[in-house]
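Visitor: Contents of data.cif (mmCIF, N, CA, C and O atoms) are given next:
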```cif
data_input
loop_
_atom_site.label_atom_id
_atom_site.label_comp_id
_atom_site.auth_asym_id
_atom_site.auth_seq_id
_atom_site.Cartn_x
_atom_site.Cartn_y
_atom_site.Cartn_z
N MET A 1 0.82 -1.20 0.00
CA MET A 1 0.00 0.00 0.00
C MET A 1 0.87 1.26 0.00
O MET A 1 0.58 2.19 -0.73
N LYS A 2 1.92 1.27 0.82
CA LYS A 2 2.80 2.43 0.87
C LYS A 2 3.53 2.63 -0.45
O LYS A 2 3.69 3.75 -0.91
N VAL A 3 3.96 1.54 -1.07
CA VAL A 3 4.67 1.63 -2.33
C VAL A 3 3.75 2.20 -3.41
O VAL A 3 4.17 3.06 -4.20
N THR A 4 2.52 1.78 -3.42
CA THR A 4 1.55 2.28 -4.40
C THR A 4 1.30 3.77 -4.17
O THR A 4 1.25 4.55 -5.13
N SER A 5 1.19 4.19 -2.95
CA SER A 5 0.96 5.60 -2.64
C SER A 5 2.14 6.46 -3.07
O SER A 5 1.97 7.52 -3.66
N ILE A 6 3.35 5.98 -2.80
CA ILE A 6 4.55 6.72 -3.20
C ILE A 6 4.63 6.81 -4.71
O ILE A 6 4.94 7.86 -5.28
N PHE A 7 4.33 5.69 -5.38
CA PHE A 7 4.35 5.68 -6.84
C PHE A 7 3.34 6.69 -7.40
O PHE A 7 3.66 7.44 -8.33
N LEU A 8 2.13 6.72 -6.86
CA LEU A 8 1.11 7.65 -7.35
C LEU A 8 1.51 9.10 -7.09
O LEU A 8 1.30 9.97 -7.93
N LEU A 9 2.09 9.39 -5.95
CA LEU A 9 2.54 10.75 -5.66
C LEU A 9 3.65 11.19 -6.61
O LEU A 9 3.66 12.32 -7.10
N CYS A 10 4.58 10.29 -6.90
CA CYS A 10 5.64 10.61 -7.86
C CYS A 10 5.08 10.84 -9.26
O CYS A 10 5.49 11.76 -9.97
N ALA A 11 4.12 10.01 -9.66
CA ALA A 11 3.50 10.17 -10.97
C ALA A 11 2.77 11.49 -11.07
O ALA A 11 2.86 12.19 -12.09
N LEU A 12 2.05 11.88 -10.03
CA LEU A 12 1.36 13.17 -10.03
C LEU A 12 2.34 14.33 -10.09
O LEU A 12 2.11 15.33 -10.79
N ALA A 13 3.45 14.22 -9.36
CA ALA A 13 4.46 15.28 -9.39
C ALA A 13 5.05 15.43 -10.79
O ALA A 13 5.22 16.54 -11.29
N LEU A 14 5.35 14.31 -11.43
CA LEU A 14 5.90 14.37 -12.79
C LEU A 14 4.90 14.93 -13.79
O LEU A 14 5.26 15.69 -14.67
N LEU A 15 3.66 14.57 -13.65
CA LEU A 15 2.64 15.11 -14.54
C LEU A 15 2.46 16.61 -14.33
O LEU A 15 2.23 17.36 -15.27
N GLY A 16 2.54 17.03 -13.10
CA GLY A 16 2.41 18.47 -12.81
C GLY A 16 3.56 19.27 -13.39
O GLY A 16 3.37 20.40 -13.87
N LEU A 17 4.75 18.71 -13.40
CA LEU A 17 5.90 19.41 -13.94
C LEU A 17 5.97 19.34 -15.45
O LEU A 17 6.59 20.18 -16.09
N SER A 18 5.33 18.36 -16.06
CA SER A 18 5.43 18.19 -17.51
C SER A 18 4.77 19.32 -18.28
O SER A 18 5.09 19.55 -19.43
N GLY A 19 3.88 20.09 -17.67
CA GLY A 19 3.24 21.21 -18.36
C GLY A 19 4.17 22.38 -18.58
O GLY A 19 3.91 23.26 -19.37
N ASN A 20 5.32 22.41 -17.90
CA ASN A 20 6.26 23.52 -18.01
C ASN A 20 7.44 23.20 -18.91
O ASN A 20 8.48 23.81 -18.81
N THR A 21 7.28 22.24 -19.82
CA THR A 21 8.42 21.81 -20.61
C THR A 21 8.52 22.49 -21.96
O THR A 21 9.43 22.18 -22.71
N ARG A 22 7.66 23.40 -22.29
CA ARG A 22 7.77 24.04 -23.61
C ARG A 22 9.00 24.95 -23.63
O ARG A 22 9.40 25.51 -22.62
N ALA A 23 9.57 25.07 -24.80
CA ALA A 23 10.78 25.88 -24.95
C ALA A 23 10.46 27.35 -24.72
O ALA A 23 9.40 27.84 -25.11
N ALA A 24 11.37 28.03 -24.10
CA ALA A 24 11.18 29.46 -23.85
C ALA A 24 11.30 30.21 -25.18
O ALA A 24 12.21 29.98 -25.96
N MET A 25 10.36 31.09 -25.42
CA MET A 25 10.40 31.87 -26.64
C MET A 25 11.48 32.93 -26.51
O MET A 25 11.58 33.58 -25.49
N PRO A 26 12.29 33.09 -27.55
CA PRO A 26 13.38 34.05 -27.45
C PRO A 26 12.90 35.49 -27.40
O PRO A 26 13.59 36.35 -26.90
N GLY A 27 11.74 35.77 -27.91
CA GLY A 27 11.23 37.14 -27.92
C GLY A 27 10.17 37.30 -28.97
O GLY A 27 9.86 36.39 -29.72
N ARG A 28 9.64 38.51 -29.00
CA ARG A 28 8.62 38.79 -30.02
C ARG A 28 9.18 39.82 -31.00
O ARG A 28 10.07 40.60 -30.67
N GLU A 29 8.66 39.81 -32.19
CA GLU A 29 9.12 40.73 -33.21
C GLU A 29 8.51 42.11 -32.97
O GLU A 29 7.36 42.24 -32.56
N ALA A 30 9.30 43.13 -33.20
CA ALA A 30 8.84 44.50 -33.03
C ALA A 30 7.79 44.83 -34.08
O ALA A 30 7.82 44.32 -35.20
N ASN A 31 6.84 45.68 -33.72
CA ASN A 31 5.79 46.10 -34.63
C ASN A 31 6.33 47.26 -35.46
O ASN A 31 6.36 48.40 -35.02
N CYS A 32 6.78 46.95 -36.68
CA CYS A 32 7.44 47.94 -37.53
C CYS A 32 6.60 48.25 -38.76
O CYS A 32 5.95 47.38 -39.31
N ASN A 33 6.66 49.51 -39.19
CA ASN A 33 6.11 49.88 -40.49
C ASN A 33 7.14 49.47 -41.53
O ASN A 33 8.34 49.37 -41.24
N SER A 34 6.72 49.25 -42.76
CA SER A 34 7.65 48.80 -43.78
C SER A 34 8.71 49.86 -44.10
O SER A 34 9.85 49.53 -44.36
N GLN A 35 8.34 51.12 -44.05
CA GLN A 35 9.28 52.20 -44.34
C GLN A 35 9.39 53.13 -43.14
O GLN A 35 8.72 54.15 -43.06
N VAL A 36 10.23 52.78 -42.18
CA VAL A 36 10.43 53.63 -41.01
C VAL A 36 11.43 54.70 -41.38
O VAL A 36 12.55 54.40 -41.80
N THR A 37 11.03 55.97 -41.27
CA THR A 37 11.94 57.06 -41.61
C THR A 37 12.37 57.84 -40.38
O THR A 37 13.41 58.47 -40.39
N GLY A 38 11.57 57.82 -39.34
CA GLY A 38 11.92 58.53 -38.12
C GLY A 38 11.08 58.02 -36.97
O GLY A 38 10.03 57.43 -37.16
N CYS A 39 11.59 58.22 -35.78
CA CYS A 39 10.90 57.73 -34.59
C CYS A 39 10.57 58.89 -33.65
O CYS A 39 11.27 59.90 -33.65
N THR A 40 9.55 58.70 -32.85
CA THR A 40 9.21 59.69 -31.84
C THR A 40 10.24 59.61 -30.72
O THR A 40 10.98 58.63 -30.60
N LYS A 41 10.27 60.62 -29.89
CA LYS A 41 11.20 60.64 -28.76
C LYS A 41 10.54 60.14 -27.48
O LYS A 41 11.07 60.33 -26.41
N ILE A 42 9.38 59.49 -27.63
CA ILE A 42 8.68 58.96 -26.47
C ILE A 42 9.50 57.81 -25.91
O ILE A 42 9.82 56.85 -26.62
N TYR A 43 9.83 57.89 -24.62
CA TYR A 43 10.64 56.86 -23.98
C TYR A 43 9.73 55.74 -23.49
O TYR A 43 8.97 55.90 -22.55
N ASN A 44 9.78 54.62 -24.17
CA ASN A 44 9.04 53.42 -23.82
C ASN A 44 9.99 52.25 -24.06
O ASN A 44 9.88 51.55 -25.07
N PRO A 45 10.96 52.05 -23.17
CA PRO A 45 12.07 51.14 -23.45
C PRO A 45 11.67 49.69 -23.65
O PRO A 45 10.70 49.21 -23.06
N VAL A 46 12.43 49.03 -24.51
CA VAL A 46 12.29 47.59 -24.73
C VAL A 46 13.68 46.98 -24.68
O VAL A 46 14.67 47.61 -25.06
N CYS A 47 13.76 45.76 -24.19
CA CYS A 47 15.02 45.03 -24.10
C CYS A 47 15.12 44.10 -25.30
O CYS A 47 14.26 43.24 -25.50
N GLY A 48 16.15 44.27 -26.10
CA GLY A 48 16.35 43.43 -27.27
C GLY A 48 17.03 42.12 -26.91
O GLY A 48 17.67 41.99 -25.87
N THR A 49 16.89 41.14 -27.80
CA THR A 49 17.52 39.85 -27.57
C THR A 49 19.04 39.94 -27.68
O THR A 49 19.73 38.98 -27.35
N ASP A 50 19.55 41.09 -28.09
CA ASP A 50 20.99 41.30 -28.12
C ASP A 50 21.51 41.87 -26.80
O ASP A 50 22.69 42.16 -26.65
N GLY A 51 20.60 42.03 -25.82
CA GLY A 51 21.00 42.53 -24.51
C GLY A 51 21.07 44.04 -24.41
O GLY A 51 21.45 44.59 -23.38
N LYS A 52 20.67 44.74 -25.45
CA LYS A 52 20.72 46.21 -25.48
C LYS A 52 19.32 46.77 -25.23
O LYS A 52 18.32 46.22 -25.70
N THR A 53 19.26 47.88 -24.48
CA THR A 53 17.98 48.56 -24.26
C THR A 53 17.77 49.59 -25.35
O THR A 53 18.64 50.43 -25.61
N TYR A 54 16.61 49.54 -25.99
CA TYR A 54 16.23 50.50 -27.03
C TYR A 54 15.17 51.41 -26.45
O TYR A 54 14.31 50.97 -25.69
N SER A 55 15.20 52.69 -26.81
CA SER A 55 14.28 53.65 -26.19
C SER A 55 12.82 53.40 -26.54
O SER A 55 11.93 53.77 -25.79
N ASN A 56 12.54 52.76 -27.68
CA ASN A 56 11.19 52.33 -28.03
C ASN A 56 11.27 51.33 -29.19
O ASN A 56 12.34 51.08 -29.73
N GLU A 57 10.14 50.75 -29.54
CA GLU A 57 10.11 49.73 -30.60
C GLU A 57 10.56 50.28 -31.94
O GLU A 57 11.22 49.60 -32.71
N CYS A 58 10.23 51.53 -32.20
CA CYS A 58 10.59 52.14 -33.48
C CYS A 58 12.11 52.20 -33.63
O CYS A 58 12.64 51.90 -34.71
N VAL A 59 12.81 52.57 -32.57
CA VAL A 59 14.27 52.64 -32.62
C VAL A 59 14.84 51.25 -32.90
O VAL A 59 15.80 51.10 -33.67
N LEU A 60 14.26 50.23 -32.29
CA LEU A 60 14.68 48.85 -32.56
C LEU A 60 14.45 48.50 -34.03
O LEU A 60 15.30 47.88 -34.67
N CYS A 61 13.32 48.92 -34.59
CA CYS A 61 13.03 48.66 -36.01
C CYS A 61 14.08 49.31 -36.91
O CYS A 61 14.55 48.69 -37.87
N VAL A 62 14.43 50.56 -36.61
CA VAL A 62 15.42 51.28 -37.42
C VAL A 62 16.77 50.56 -37.36
O VAL A 62 17.44 50.38 -38.37
N GLU A 63 17.16 50.13 -36.17
CA GLU A 63 18.42 49.39 -36.03
C GLU A 63 18.38 48.08 -36.79
O GLU A 63 19.37 47.69 -37.41
N ASN A 64 17.25 47.38 -36.75
CA ASN A 64 17.11 46.14 -37.51
C ASN A 64 17.27 46.39 -39.00
O ASN A 64 17.90 45.61 -39.71
N GLN A 65 16.69 47.50 -39.50
CA GLN A 65 16.80 47.82 -40.92
C GLN A 65 18.24 48.19 -41.29
O GLN A 65 18.73 47.80 -42.35
N LYS A 66 18.92 48.93 -40.41
CA LYS A 66 20.31 49.33 -40.69
C LYS A 66 21.23 48.11 -40.74
O LYS A 66 22.04 47.97 -41.64
N ARG A 67 21.11 47.26 -39.75
CA ARG A 67 22.03 46.13 -39.60
C ARG A 67 21.65 44.93 -40.46
O ARG A 67 22.47 44.05 -40.66
N GLN A 68 20.42 44.86 -40.91
CA GLN A 68 19.91 43.70 -41.63
C GLN A 68 20.01 42.43 -40.78
O GLN A 68 20.23 41.34 -41.28
N ILE A 69 19.89 42.61 -39.45
CA ILE A 69 19.89 41.50 -38.50
C ILE A 69 18.64 41.65 -37.65
O ILE A 69 18.35 42.75 -37.17
N LEU A 70 17.91 40.57 -37.46
CA LEU A 70 16.67 40.64 -36.69
C LEU A 70 16.96 40.53 -35.20
O LEU A 70 17.40 39.49 -34.73
N VAL A 71 16.72 41.62 -34.48
CA VAL A 71 16.78 41.62 -33.01
C VAL A 71 15.34 41.64 -32.54
O VAL A 71 14.55 42.50 -32.94
N LEU A 72 14.97 40.69 -31.70
CA LEU A 72 13.61 40.60 -31.19
C LEU A 72 13.52 41.34 -29.86
O LEU A 72 14.53 41.70 -29.25
N ILE A 73 12.28 41.56 -29.40
CA ILE A 73 12.04 42.17 -28.10
C ILE A 73 11.97 41.05 -27.08
O ILE A 73 11.08 40.21 -27.13
N GLN A 74 12.92 41.04 -26.18
CA GLN A 74 12.96 40.03 -25.13
C GLN A 74 11.94 40.35 -24.05
O GLN A 74 11.27 39.45 -23.54
N LYS A 75 11.82 41.63 -23.70
CA LYS A 75 10.83 42.05 -22.70
C LYS A 75 10.59 43.54 -22.84
O LYS A 75 11.42 44.27 -23.37
N SER A 76 9.46 43.99 -22.34
CA SER A 76 9.19 45.42 -22.26
C SER A 76 9.95 45.97 -21.06
O SER A 76 10.04 45.32 -20.02
N GLY A 77 10.50 47.15 -21.20
CA GLY A 77 11.29 47.75 -20.14
C GLY A 77 12.77 47.59 -20.44
O GLY A 77 13.17 46.87 -21.36
N PRO A 78 13.59 48.25 -19.64
CA PRO A 78 15.04 48.16 -19.87
C PRO A 78 15.60 46.79 -19.54
O PRO A 78 15.01 46.03 -18.77
N CYS A 79 16.74 46.48 -20.11
CA CYS A 79 17.40 45.18 -19.85
C CYS A 79 17.97 45.15 -18.44
O CYS A 79 18.29 46.12 -17.85
#
```
Let me see whether you can do it: turn the structure in this file into structure tokens.
Guide:
Amino acid sequence: MKVTSIFLLCALALLGLSGNTRAAMPGREANCNSQVTGCTKIYNPVCGTDGKTYSNECVLCVENQKRQILVLIQKSGPC
């Protein structure tokens, strides 16, 4: 009886943890217009997947266009 109880508790614990196994998303893509020519000076920082803080999504879009490298938004707010 004790062995069965321990087995069931272990099985429940493993099932409970299995819901957290999805891969962490690296970030979301910035909402960019196709032709970004200038950005507002509104400070709404975002943290890029490159570890750099950008003052807003538009600035991140401009940098992505300049570098031709996709940097995603890791989180809202500074890094």
Visitor: Work out how far CA of Cys79 (chain A) is from CA of Ser34 (chain A), in Å to one decimal.
Guide: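 Straight-line distance from CA of Ser34 (chain A) to CA of Cys79 (chain A) works out to 26.1 Å.
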Visitor: Suppose a student applies the PyMOL selection byres ((chain A and resi 62-74) around 5) to this structure; what residues should they get, written as a list of chain:residue names?
Guide: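 Here the PyMOL selection byres ((chain A and resi 62-74) around 5) matches A:Pro26, A:Gly27, A:Arg28, A:Glu29, A:Cys47, A:Gly48, A:Thr49, A:Cys58, A:Val59, A:Leu60, A:Cys61, A:Lys75, A:Ser76.
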Visitor: Could you jot down the CA of Ser55 (chain A) to CA of Asn33 (chain A) separation for me, Å, one decimal place?
Guide: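 Answer for the CA of Ser55 (chain A) to CA of Asn33 (chain A) separation: 16.9 Å.
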Visitor: Could you tell me how far atom N of Thr53 (chain A) sits from atom N of Gln35 (chain A), in Å to one decimal place?
Guide: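 Value for the atom N of Gln35 (chain A)-atom N of Thr53 (chain A) distance: 22.6 Å.
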Visitor: Please extract the residues of region 31-79 of chain A with a backbone DSSP assignment of helix (DSSP H, G or I) and present them as a PyMOL selection string.
Guide: chain A and resi 57-67
Visitor: Can you spit out the residues from that selection as a compact mmCIF listing (two decimals), in the frame of the given file, using N, CA, C and O atoms?
Guide:
```txt
# COMPACT_ATOMS: atom_id res chain seq x y z
N GLU A 57 10.14 50.75 -29.54
CA GLU A 57 10.11 49.73 -30.60
C GLU A 57 10.56 50.28 -31.94
O GLU A 57 11.22 49.60 -32.71
N CYS A 58 10.23 51.53 -32.20
CA CYS A 58 10.59 52.14 -33.48
C CYS A 58 12.11 52.20 -33.63
O CYS A 58 12.64 51.90 -34.71
N VAL A 59 12.81 52.57 -32.57
CA VAL A 59 14.27 52.64 -32.62
C VAL A 59 14.84 51.25 -32.90
O VAL A 59 15.80 51.10 -33.67
N LEU A 60 14.26 50.23 -32.29
CA LEU A 60 14.68 48.85 -32.56
C LEU A 60 14.45 48.50 -34.03
O LEU A 60 15.30 47.88 -34.67
N CYS A 61 13.32 48.92 -34.59
CA CYS A 61 13.03 48.66 -36.01
C CYS A 61 14.08 49.31 -36.91
O CYS A 61 14.55 48.69 -37.87
N VAL A 62 14.43 50.56 -36.61
CA VAL A 62 15.42 51.28 -37.42
C VAL A 62 16.77 50.56 -37.36
O VAL A 62 17.44 50.38 -38.37
N GLU A 63 17.16 50.13 -36.17
CA GLU A 63 18.42 49.39 -36.03
C GLU A 63 18.38 48.08 -36.79
O GLU A 63 19.37 47.69 -37.41
N ASN A 64 17.25 47.38 -36.75
CA ASN A 64 17.11 46.14 -37.51
C ASN A 64 17.27 46.39 -39.00
O ASN A 64 17.90 45.61 -39.71
N GLN A 65 16.69 47.50 -39.50
CA GLN A 65 16.80 47.82 -40.92
C GLN A 65 18.24 48.19 -41.29
O GLN A 65 18.73 47.80 -42.35
N LYS A 66 18.92 48.93 -40.41
CA LYS A 66 20.31 49.33 -40.69
C LYS A 66 21.23 48.11 -40.74
O LYS A 66 22.04 47.97 -41.64
N ARG A 67 21.11 47.26 -39.75
CA ARG A 67 22.03 46.13 -39.60
C ARG A 67 21.65 44.93 -40.46
O ARG A 67 22.47 44.05 -40.66
```
Visitor: For Pro78 (chain A), which of A:Asn31, A:Gly51, A:Ile42, A:Lys2 is the closest residue, counting all atoms listed in the file?
Guide: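 Ranked by minimum distance to Pro78 (chain A), first place goes to A:Gly51.
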Visitor: Could you tell me which residues the PyMOL selection byres ((chain A and resi 43) around 7) grabs in this file, written as a list in words?
Guide: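 Checked against the file, the PyMOL selection byres ((chain A and resi 43) around 7) matches Thr40, Lys41, Ile42, Asn44, Pro45, Tyr54, Ser55 and Asn56 of chain A.
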Visitor: Please dump the current selection as a tab-separated table (two decimals), in the frame of the given file; keep N, CA, C and O atoms.
Guide:
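Below you can see part_10.tsv, which holds the result:
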```tsv
chain	number	residue	atom	x	y	z
A	40	THR	N	9.55	58.70	-32.85
A	40	THR	CA	9.21	59.69	-31.84
A	40	THR	C	10.24	59.61	-30.72
A	40	THR	O	10.98	58.63	-30.60
A	41	LYS	N	10.27	60.62	-29.89
A	41	LYS	CA	11.20	60.64	-28.76
A	41	LYS	C	10.54	60.14	-27.48
A	41	LYS	O	11.07	60.33	-26.41
A	42	ILE	N	9.38	59.49	-27.63
A	42	ILE	CA	8.68	58.96	-26.47
A	42	ILE	C	9.50	57.81	-25.91
A	42	ILE	O	9.82	56.85	-26.62
A	44	ASN	N	9.78	54.62	-24.17
A	44	ASN	CA	9.04	53.42	-23.82
A	44	ASN	C	9.99	52.25	-24.06
A	44	ASN	O	9.88	51.55	-25.07
A	45	PRO	N	10.96	52.05	-23.17
A	45	PRO	CA	12.07	51.14	-23.45
A	45	PRO	C	11.67	49.69	-23.65
A	45	PRO	O	10.70	49.21	-23.06
A	54	TYR	N	16.61	49.54	-25.99
A	54	TYR	CA	16.23	50.50	-27.03
A	54	TYR	C	15.17	51.41	-26.45
A	54	TYR	O	14.31	50.97	-25.69
A	55	SER	N	15.20	52.69	-26.81
A	55	SER	CA	14.28	53.65	-26.19
A	55	SER	C	12.82	53.40	-26.54
A	55	SER	O	11.93	53.77	-25.79
A	56	ASN	N	12.54	52.76	-27.68
A	56	ASN	CA	11.19	52.33	-28.03
A	56	ASN	C	11.27	51.33	-29.19
A	56	ASN	O	12.34	51.08	-29.73
```
Visitor: Can you complete the atoms of region 55-66 of chain A to all heavy atoms and list them as a compact mmCIF listing (two decimals), in the coordinates of the input?
Guide:
```
# COMPACT_ATOMS: atom_id res chain seq x y z
N SER A 55 15.20 52.69 -26.81
CA SER A 55 14.28 53.65 -26.19
C SER A 55 12.82 53.40 -26.54
O SER A 55 11.93 53.77 -25.79
CB SER A 55 14.67 55.08 -26.55
OG SER A 55 14.71 55.26 -27.94
N ASN A 56 12.54 52.76 -27.68
CA ASN A 56 11.19 52.33 -28.03
C ASN A 56 11.27 51.33 -29.19
O ASN A 56 12.34 51.08 -29.73
CB ASN A 56 10.27 53.53 -28.36
CG ASN A 56 10.81 54.40 -29.47
OD1 ASN A 56 11.26 53.91 -30.48
ND2 ASN A 56 10.75 55.71 -29.27
N GLU A 57 10.14 50.75 -29.54
CA GLU A 57 10.11 49.73 -30.60
C GLU A 57 10.56 50.28 -31.94
O GLU A 57 11.22 49.60 -32.71
CB GLU A 57 8.71 49.14 -30.75
CG GLU A 57 8.37 48.11 -29.71
CD GLU A 57 7.10 47.35 -30.03
OE1 GLU A 57 6.90 46.93 -31.19
OE2 GLU A 57 6.30 47.16 -29.10
N CYS A 58 10.23 51.53 -32.20
CA CYS A 58 10.59 52.14 -33.48
C CYS A 58 12.11 52.20 -33.63
O CYS A 58 12.64 51.90 -34.71
CB CYS A 58 9.98 53.54 -33.57
SG CYS A 58 10.36 54.40 -35.11
N VAL A 59 12.81 52.57 -32.57
CA VAL A 59 14.27 52.64 -32.62
C VAL A 59 14.84 51.25 -32.90
O VAL A 59 15.80 51.10 -33.67
CB VAL A 59 14.83 53.23 -31.31
CG1 VAL A 59 16.34 53.15 -31.28
CG2 VAL A 59 14.37 54.68 -31.14
N LEU A 60 14.26 50.23 -32.29
CA LEU A 60 14.68 48.85 -32.56
C LEU A 60 14.45 48.50 -34.03
O LEU A 60 15.30 47.88 -34.67
CB LEU A 60 13.93 47.88 -31.65
CG LEU A 60 14.19 46.40 -31.86
CD1 LEU A 60 15.65 46.06 -31.65
CD2 LEU A 60 13.32 45.57 -30.96
N CYS A 61 13.32 48.92 -34.59
CA CYS A 61 13.03 48.66 -36.01
C CYS A 61 14.08 49.31 -36.91
O CYS A 61 14.55 48.69 -37.87
CB CYS A 61 11.65 49.19 -36.37
SG CYS A 61 10.29 48.27 -35.65
N VAL A 62 14.43 50.56 -36.61
CA VAL A 62 15.42 51.28 -37.42
C VAL A 62 16.77 50.56 -37.36
O VAL A 62 17.44 50.38 -38.37
CB VAL A 62 15.53 52.75 -36.97
CG1 VAL A 62 16.72 53.43 -37.61
CG2 VAL A 62 14.25 53.50 -37.28
N GLU A 63 17.16 50.13 -36.17
CA GLU A 63 18.42 49.39 -36.03
C GLU A 63 18.38 48.08 -36.79
O GLU A 63 19.37 47.69 -37.41
CB GLU A 63 18.73 49.14 -34.55
CG GLU A 63 19.16 50.38 -33.80
CD GLU A 63 20.46 50.97 -34.33
OE1 GLU A 63 21.42 50.22 -34.57
OE2 GLU A 63 20.50 52.20 -34.49
N ASN A 64 17.25 47.38 -36.75
CA ASN A 64 17.11 46.14 -37.51
C ASN A 64 17.27 46.39 -39.00
O ASN A 64 17.90 45.61 -39.71
CB ASN A 64 15.77 45.46 -37.23
CG ASN A 64 15.75 44.71 -35.92
OD1 ASN A 64 16.78 44.36 -35.38
ND2 ASN A 64 14.56 44.47 -35.41
N GLN A 65 16.69 47.50 -39.50
CA GLN A 65 16.80 47.82 -40.92
C GLN A 65 18.24 48.19 -41.29
O GLN A 65 18.73 47.80 -42.35
CB GLN A 65 15.87 48.97 -41.29
CG GLN A 65 14.41 48.56 -41.32
CD GLN A 65 13.49 49.74 -41.63
OE1 GLN A 65 13.91 50.89 -41.68
NE2 GLN A 65 12.22 49.44 -41.83
N LYS A 66 18.92 48.93 -40.41
CA LYS A 66 20.31 49.33 -40.69
C LYS A 66 21.23 48.11 -40.74
O LYS A 66 22.04 47.97 -41.64
CB LYS A 66 20.83 50.26 -39.60
CG LYS A 66 20.37 51.68 -39.69
CD LYS A 66 21.04 52.47 -38.57
CE LYS A 66 20.43 53.83 -38.39
NZ LYS A 66 20.99 54.54 -37.22
```
